[in-house]
Amino acid sequence: MNDLDMDFLVGSDDEGRSRRGSNTSPGRDSGGRRGRRRRRRRNRGGFLAPMLAIIVLIGGVGAAGFYGYTWVRDVMTPDDYTGKGSGEVVVEIKDGQNASDIAQTLQDQDVVKSVKAFVNAVAEAGKSSSLQPGEYTMRKQMAAAEAVKLLDPDKRLREKVTLKEGLRLVDTLKQLSEKTGKPLREFQQAARNVRELGLPPYARGKLEGYAFPATYEITPKMTASEILTKMVDRFSETADKDDLQSKAKALGHTPHEIMTIASIVQAEAGTKEDMGKVARVVYNRLDGNPPMNLRMDSTVMYGLNKYGIESSHKDLESTSPYNTYKFGGLPPGPIANPGDDAIQAALNPTKGDWLFFVTTCPAKGLTKFVTLESEFTALLSEYERNKVNGC
C-alpha cells in the first residue's frame, strides 16, 4: 500500500499534511491524537452553534409574540371601570341618540370610562335597539356592563300624570303643579306665554280647550312650558286624526267654535252615549228659526268661576259673555278641555229634533231629551222630585 492510500485511510490534518509520519516515534503519534481531538471539538462546536442560534431565534420570536399579544390585547380591550360605581348622577338620553352617542354622554359625566367599553357592553347584552330616551339615575365610575343594566326603559325617571276630560284650565294647572311638584306660578306663566306652546291659529291665543286631557309621562327636567306644549301637541294629533278643520267647515263652523261646542258637550253630558244628543241640542238651538239661546248652566258657571250644574237666579243675572241665558250664540271660547269623545260628538251629532234635555238623576248620570217646552217643564219637575229623594 503506498503513502497515498494510507493518507486516504487516516485522513489529512488541517494543513493537508499526512498524519502518518516517516517513522512511528512517540512525538508523531502524540501529535496525531491531538489533531483528532481538535477536530472532534470543532465538530461539536459546529453542531452547537446553529442549535444555539435556533434556540435564541425561537426565544426571540416567542418573546416578541408574547409582548405582541399583550400589546394587541391592551389595544383591543377598552378602558373600563370595575364594580357598580358610587354616588348618583341623573343622565338624560335624548331622542335619536344611538349607542355611541349615549356612550359619549356617559363618558362625559364619568359614568363609564370609555365609549368603546360601553358600546361593547351594549352589543354583548343585545340591547342596541332597546335603549330609549329619558332620564336615568346612574352612578359615577361604573363598569360598562353595570351601566347598561341601569338603562332599562322601566327604570326611567318619570311621573305618569293623568288629566281627566272636562277639566278647566285653572284646575289642569293646579293638578300639574301638585303631581309634578313644580310651582303653580310656573304653569300659570307658561299658560299665558302662548306663543311658546304651538297653539293652532284658530285657538285665538287661548289655551283653554286645547290642553288635551290624557295620561302623560313627565320627566323631572321638563319645564312647565314643555309640559303644556306636549299637551297642545297631543291636541294637534287628535285634531288631525279627527280631520277637525275640514269637518268644521262642512258644518258651517270654525274649528274654534267646534271646540267650544265640544267643551259644552263634555260639561253637560252625563255619559258618553249622551254626547251626540247634547251636541244635537246645541246645533238645533243655534240653527233654529229664529235661533234660541243655548241656556247652558255650564257656561254661566264658567263665566262666574263657580262649579255646579244648576245656576241660581242671581247667577243668571250675570253680564259675563259666557251667560248663554242672556246672550245668543256660542260663548267666546271653550269652557273646559274636552276629550276625543266630545270632539267626535261635536263633529258628528246624533240625528234628532231635540231642543231640551235635563239630567233628571245626576247621581246616576241619567239625562232625558225632549222637543217641546211643555215636556221640558215636566222634566224639571222630575228633577226637583229626585233631588228631594236623593237621586
# chains A, B, ... in the order shown; residues from 1 in each chain; ligands from 1
>>> residues_around(residues="segment 333-348 of chain A", least_positions_apart="5", cutoff="7 Å", atoms="only C-alpha atoms", output="ChimeraX atom specification")
/A:165-169,208-213,247-248,258-266,275-276,279,299,302
>>> write_last_selection(atoms="N, CA, C and O atoms", output="short mmCIF file (atom, residue, chain, number, x, y, z; two decimals), in the first residue's frame")
data_model
loop_
_atom_site.label_atom_id
_atom_site.label_comp_id
_atom_site.auth_asym_id
_atom_site.auth_seq_id
_atom_site.Cartn_x
_atom_site.Cartn_y
_atom_site.Cartn_z
N GLU A 165 -110.92 64.31 31.25
CA GLU A 165 -111.67 65.14 30.32
C GLU A 165 -112.56 66.12 31.08
O GLU A 165 -113.11 65.79 32.12
N GLY A 166 -112.67 67.32 30.54
CA GLY A 166 -113.60 68.29 31.11
C GLY A 166 -113.02 69.17 32.19
O GLY A 166 -113.74 70.01 32.74
N LEU A 167 -111.73 69.03 32.49
CA LEU A 167 -111.14 69.92 33.48
C LEU A 167 -110.98 71.32 32.88
O LEU A 167 -110.57 71.49 31.74
N ARG A 168 -111.29 72.31 33.68
CA ARG A 168 -110.98 73.67 33.27
C ARG A 168 -109.46 73.87 33.31
O ARG A 168 -108.75 73.16 34.03
N LEU A 169 -109.00 74.86 32.59
CA LEU A 169 -107.55 75.09 32.54
C LEU A 169 -106.98 75.38 33.93
O LEU A 169 -105.91 74.88 34.28
N GLU A 208 -107.24 77.52 26.96
CA GLU A 208 -108.44 76.79 27.38
C GLU A 208 -109.06 76.04 26.20
O GLU A 208 -109.30 76.61 25.14
N GLY A 209 -109.28 74.73 26.41
CA GLY A 209 -109.86 73.91 25.36
C GLY A 209 -108.83 73.13 24.57
O GLY A 209 -109.17 72.17 23.87
N TYR A 210 -107.54 73.53 24.67
CA TYR A 210 -106.51 72.93 23.82
C TYR A 210 -105.41 72.21 24.61
O TYR A 210 -104.45 71.73 24.03
N ALA A 211 -105.55 72.17 25.93
CA ALA A 211 -104.65 71.38 26.77
C ALA A 211 -105.26 69.98 26.87
O ALA A 211 -106.03 69.69 27.79
N PHE A 212 -104.93 69.14 25.94
CA PHE A 212 -105.68 67.90 25.74
C PHE A 212 -105.57 66.96 26.94
O PHE A 212 -104.47 66.69 27.44
N PRO A 213 -106.72 66.47 27.42
CA PRO A 213 -106.70 65.55 28.57
C PRO A 213 -106.25 64.15 28.17
O PRO A 213 -106.80 63.55 27.24
N LYS A 247 -113.97 69.07 8.65
CA LYS A 247 -115.32 68.74 9.11
C LYS A 247 -116.02 69.96 9.74
O LYS A 247 -117.24 70.11 9.62
N ALA A 248 -115.25 70.81 10.39
CA ALA A 248 -115.84 72.03 10.95
C ALA A 248 -116.38 72.90 9.83
O ALA A 248 -117.49 73.45 9.92
N ILE A 258 -116.15 74.67 17.01
CA ILE A 258 -116.36 73.23 17.27
C ILE A 258 -115.78 72.86 18.63
O ILE A 258 -116.40 72.10 19.40
N MET A 259 -114.61 73.39 18.95
CA MET A 259 -114.01 73.08 20.25
C MET A 259 -114.83 73.68 21.39
O MET A 259 -114.91 73.11 22.47
N THR A 260 -115.46 74.81 21.13
CA THR A 260 -116.35 75.40 22.14
C THR A 260 -117.56 74.51 22.36
O THR A 260 -117.95 74.24 23.52
N ILE A 261 -118.16 74.04 21.27
CA ILE A 261 -119.30 73.12 21.38
C ILE A 261 -118.88 71.83 22.08
O ILE A 261 -119.60 71.32 22.95
N ALA A 262 -117.70 71.31 21.72
CA ALA A 262 -117.21 70.07 22.35
C ALA A 262 -117.04 70.25 23.85
O ALA A 262 -117.34 69.33 24.64
N SER A 263 -116.58 71.42 24.27
CA SER A 263 -116.39 71.66 25.71
C SER A 263 -117.73 71.70 26.44
O SER A 263 -117.85 71.24 27.58
N ILE A 264 -118.76 72.27 25.79
CA ILE A 264 -120.11 72.30 26.39
C ILE A 264 -120.66 70.88 26.48
O ILE A 264 -121.24 70.48 27.50
N VAL A 265 -120.46 70.10 25.41
CA VAL A 265 -120.90 68.70 25.40
C VAL A 265 -120.23 67.94 26.53
O VAL A 265 -120.87 67.16 27.26
N GLN A 266 -118.91 68.16 26.70
CA GLN A 266 -118.17 67.46 27.76
C GLN A 266 -118.73 67.81 29.14
O GLN A 266 -118.85 66.94 30.01
N MET A 275 -123.47 62.15 24.56
CA MET A 275 -122.73 63.29 24.00
C MET A 275 -123.26 63.72 22.64
O MET A 275 -123.42 64.91 22.36
N GLY A 276 -123.54 62.75 21.77
CA GLY A 276 -124.06 63.08 20.44
C GLY A 276 -125.40 63.79 20.51
O GLY A 276 -125.69 64.69 19.70
N ALA A 279 -124.86 67.40 21.70
CA ALA A 279 -124.36 68.18 20.56
C ALA A 279 -125.51 68.55 19.62
O ALA A 279 -125.59 69.68 19.12
N THR A 299 -122.00 77.04 31.03
CA THR A 299 -121.29 78.23 30.55
C THR A 299 -121.43 79.38 31.55
O THR A 299 -120.48 80.14 31.76
N TYR A 302 -119.03 78.78 34.39
CA TYR A 302 -117.64 79.04 33.97
C TYR A 302 -117.35 80.53 34.00
O TYR A 302 -116.29 80.95 34.50
#
>>> residues_around(residues="segment 326-330 of chain A", least_positions_apart="2", cutoff="10 Å", atoms="only C-alpha atoms", output="compact mmCIF listing (two decimals) with N, CA, C and O atoms, in the first residue's frame")
# COMPACT_ATOMS: atom_id res chain seq x y z
N GLU A 257 -115.01 77.19 17.12
CA GLU A 257 -116.41 77.02 17.50
C GLU A 257 -116.73 75.56 17.80
O GLU A 257 -117.46 75.26 18.76
N ILE A 258 -116.15 74.67 17.01
CA ILE A 258 -116.36 73.23 17.27
C ILE A 258 -115.78 72.86 18.63
O ILE A 258 -116.40 72.10 19.40
N THR A 260 -115.46 74.81 21.13
CA THR A 260 -116.35 75.40 22.14
C THR A 260 -117.56 74.51 22.36
O THR A 260 -117.95 74.24 23.52
N ILE A 261 -118.16 74.04 21.27
CA ILE A 261 -119.30 73.12 21.38
C ILE A 261 -118.88 71.83 22.08
O ILE A 261 -119.60 71.32 22.95
N ILE A 264 -118.76 72.27 25.79
CA ILE A 264 -120.11 72.30 26.39
C ILE A 264 -120.66 70.88 26.48
O ILE A 264 -121.24 70.48 27.50
N VAL A 282 -127.47 71.49 20.91
CA VAL A 282 -126.74 72.74 20.68
C VAL A 282 -126.96 73.22 19.25
O VAL A 282 -127.30 74.39 19.00
N ARG A 285 -130.56 74.44 18.54
CA ARG A 285 -130.85 75.77 19.09
C ARG A 285 -130.16 76.86 18.27
O ARG A 285 -130.76 77.91 18.00
N LEU A 286 -128.91 76.61 17.88
CA LEU A 286 -128.18 77.61 17.10
C LEU A 286 -128.80 77.81 15.72
O LEU A 286 -128.83 78.94 15.19
N ASP A 287 -129.28 76.72 15.15
CA ASP A 287 -129.78 76.76 13.77
C ASP A 287 -131.29 76.98 13.66
O ASP A 287 -131.87 76.89 12.56
N PRO A 291 -133.14 81.55 15.94
CA PRO A 291 -132.23 80.81 16.84
C PRO A 291 -132.64 80.99 18.30
O PRO A 291 -133.19 82.03 18.68
N MET A 292 -132.37 79.99 19.08
CA MET A 292 -132.64 80.04 20.52
C MET A 292 -131.33 80.30 21.27
O MET A 292 -130.25 79.93 20.79
N ASN A 293 -131.45 80.92 22.41
CA ASN A 293 -130.28 81.00 23.28
C ASN A 293 -129.94 79.59 23.79
O ASN A 293 -130.84 78.77 24.00
N LEU A 294 -128.67 79.34 23.96
CA LEU A 294 -128.25 77.99 24.39
C LEU A 294 -128.75 77.65 25.78
O LEU A 294 -129.06 76.49 26.08
N ARG A 295 -128.75 78.65 26.69
CA ARG A 295 -129.27 78.44 28.04
C ARG A 295 -128.60 77.24 28.74
O ARG A 295 -129.26 76.35 29.23
N THR A 299 -122.00 77.04 31.03
CA THR A 299 -121.29 78.23 30.55
C THR A 299 -121.43 79.38 31.55
O THR A 299 -120.48 80.14 31.76
N VAL A 300 -122.60 79.48 32.16
CA VAL A 300 -122.82 80.52 33.17
C VAL A 300 -121.85 80.34 34.33
O VAL A 300 -121.21 81.31 34.79
N LEU A 316 -127.93 83.98 36.91
CA LEU A 316 -128.47 84.23 35.58
C LEU A 316 -128.54 85.72 35.25
O LEU A 316 -128.80 86.09 34.10
N GLU A 317 -128.28 86.55 36.25
CA GLU A 317 -128.23 87.99 36.00
C GLU A 317 -126.82 88.45 35.61
O GLU A 317 -126.61 89.64 35.32
N SER A 318 -125.90 87.52 35.56
CA SER A 318 -124.51 87.86 35.23
C SER A 318 -124.40 88.49 33.84
O SER A 318 -125.12 88.10 32.90
N THR A 319 -123.48 89.45 33.72
CA THR A 319 -123.22 90.08 32.43
C THR A 319 -122.03 89.46 31.71
O THR A 319 -121.56 90.01 30.71
N SER A 320 -121.57 88.37 32.22
CA SER A 320 -120.45 87.67 31.57
C SER A 320 -120.85 87.23 30.17
O SER A 320 -122.00 86.80 29.95
N PRO A 321 -119.96 87.33 29.20
CA PRO A 321 -120.28 86.86 27.84
C PRO A 321 -120.53 85.35 27.79
O PRO A 321 -121.00 84.84 26.77
N TYR A 322 -120.24 84.67 28.88
CA TYR A 322 -120.49 83.23 28.95
C TYR A 322 -121.90 82.93 29.47
O TYR A 322 -122.26 81.76 29.59
N ASN A 323 -122.69 83.96 29.76
CA ASN A 323 -124.06 83.77 30.22
C ASN A 323 -124.94 83.53 28.99
O ASN A 323 -125.48 84.48 28.38
N THR A 324 -125.07 82.26 28.62
CA THR A 324 -125.83 81.91 27.41
C THR A 324 -127.34 81.94 27.63
O THR A 324 -128.10 81.67 26.69
N PRO A 332 -117.55 82.97 24.03
CA PRO A 332 -116.33 83.36 23.34
C PRO A 332 -115.35 82.21 23.05
O PRO A 332 -114.55 82.30 22.12
N GLY A 333 -115.40 81.17 23.85
CA GLY A 333 -114.47 80.06 23.63
C GLY A 333 -114.80 78.88 24.51
O GLY A 333 -115.81 78.89 25.24
N PRO A 334 -113.97 77.84 24.46
CA PRO A 334 -114.21 76.64 25.27
C PRO A 334 -114.28 76.96 26.75
O PRO A 334 -113.63 77.89 27.24
>>> residues_around(residues="Lys179 of chain A", least_positions_apart="4", cutoff="8 Å", atoms="only C-alpha atoms", output="list in words")
Glu159, Val161 and Gln175 of chain A
>>> write_last_selection(atoms="C-alpha atoms", output="compact mmCIF listing (two decimals), in the first residue's frame")
# COMPACT_ATOMS: atom_id res chain seq x y z
CA GLU A 159 -94.11 60.66 36.54
CA VAL A 161 -99.87 62.27 35.15
CA GLN A 175 -103.15 69.27 39.12
>>> atom_distance(atom1="atom CA of Ala224 of chain A", atom2="atom CA of Thr162 of chain A")
15.6 Å
>>> select_by_dssp(residues="segment 263-365 of chain A", states="strand (DSSP E)", output="list in words")
Phe356, Phe357, Val358, Thr359, Thr360 and Cys361 of chain A
>>> write_last_selection(atoms="N, CA, C and O atoms", output="mmCIF file, in the first residue's frame")
data_model
loop_
_atom_site.group_PDB
_atom_site.id
_atom_site.type_symbol
_atom_site.label_atom_id
_atom_site.label_comp_id
_atom_site.auth_asym_id
_atom_site.auth_seq_id
_atom_site.Cartn_x
_atom_site.Cartn_y
_atom_site.Cartn_z
ATOM 1 N N PHE A 356 -134.366 70.299 24.130
ATOM 2 C CA PHE A 356 -134.189 70.393 25.576
ATOM 3 C C PHE A 356 -133.641 69.070 26.129
ATOM 4 O O PHE A 356 -133.888 68.002 25.561
ATOM 5 N N PHE A 357 -132.951 69.180 27.222
ATOM 6 C CA PHE A 357 -132.559 67.982 27.977
ATOM 7 C C PHE A 357 -132.393 68.363 29.438
ATOM 8 O O PHE A 357 -132.074 69.511 29.774
ATOM 9 N N VAL A 358 -132.633 67.403 30.290
ATOM 10 C CA VAL A 358 -132.473 67.607 31.731
ATOM 11 C C VAL A 358 -131.842 66.353 32.310
ATOM 12 O O VAL A 358 -132.278 65.233 32.011
ATOM 13 N N THR A 359 -130.838 66.554 33.128
ATOM 14 C CA THR A 359 -130.245 65.428 33.842
ATOM 15 C C THR A 359 -131.115 65.201 35.076
ATOM 16 O O THR A 359 -130.943 65.851 36.118
ATOM 17 N N THR A 360 -132.064 64.313 34.924
ATOM 18 C CA THR A 360 -133.079 64.122 35.971
ATOM 19 C C THR A 360 -132.536 63.414 37.202
ATOM 20 O O THR A 360 -133.089 63.546 38.299
ATOM 21 N N CYS A 361 -131.478 62.629 37.036
ATOM 22 C CA CYS A 361 -130.859 61.952 38.186
ATOM 23 C C CYS A 361 -129.340 62.086 38.065
ATOM 24 O O CYS A 361 -128.668 61.220 37.496
#
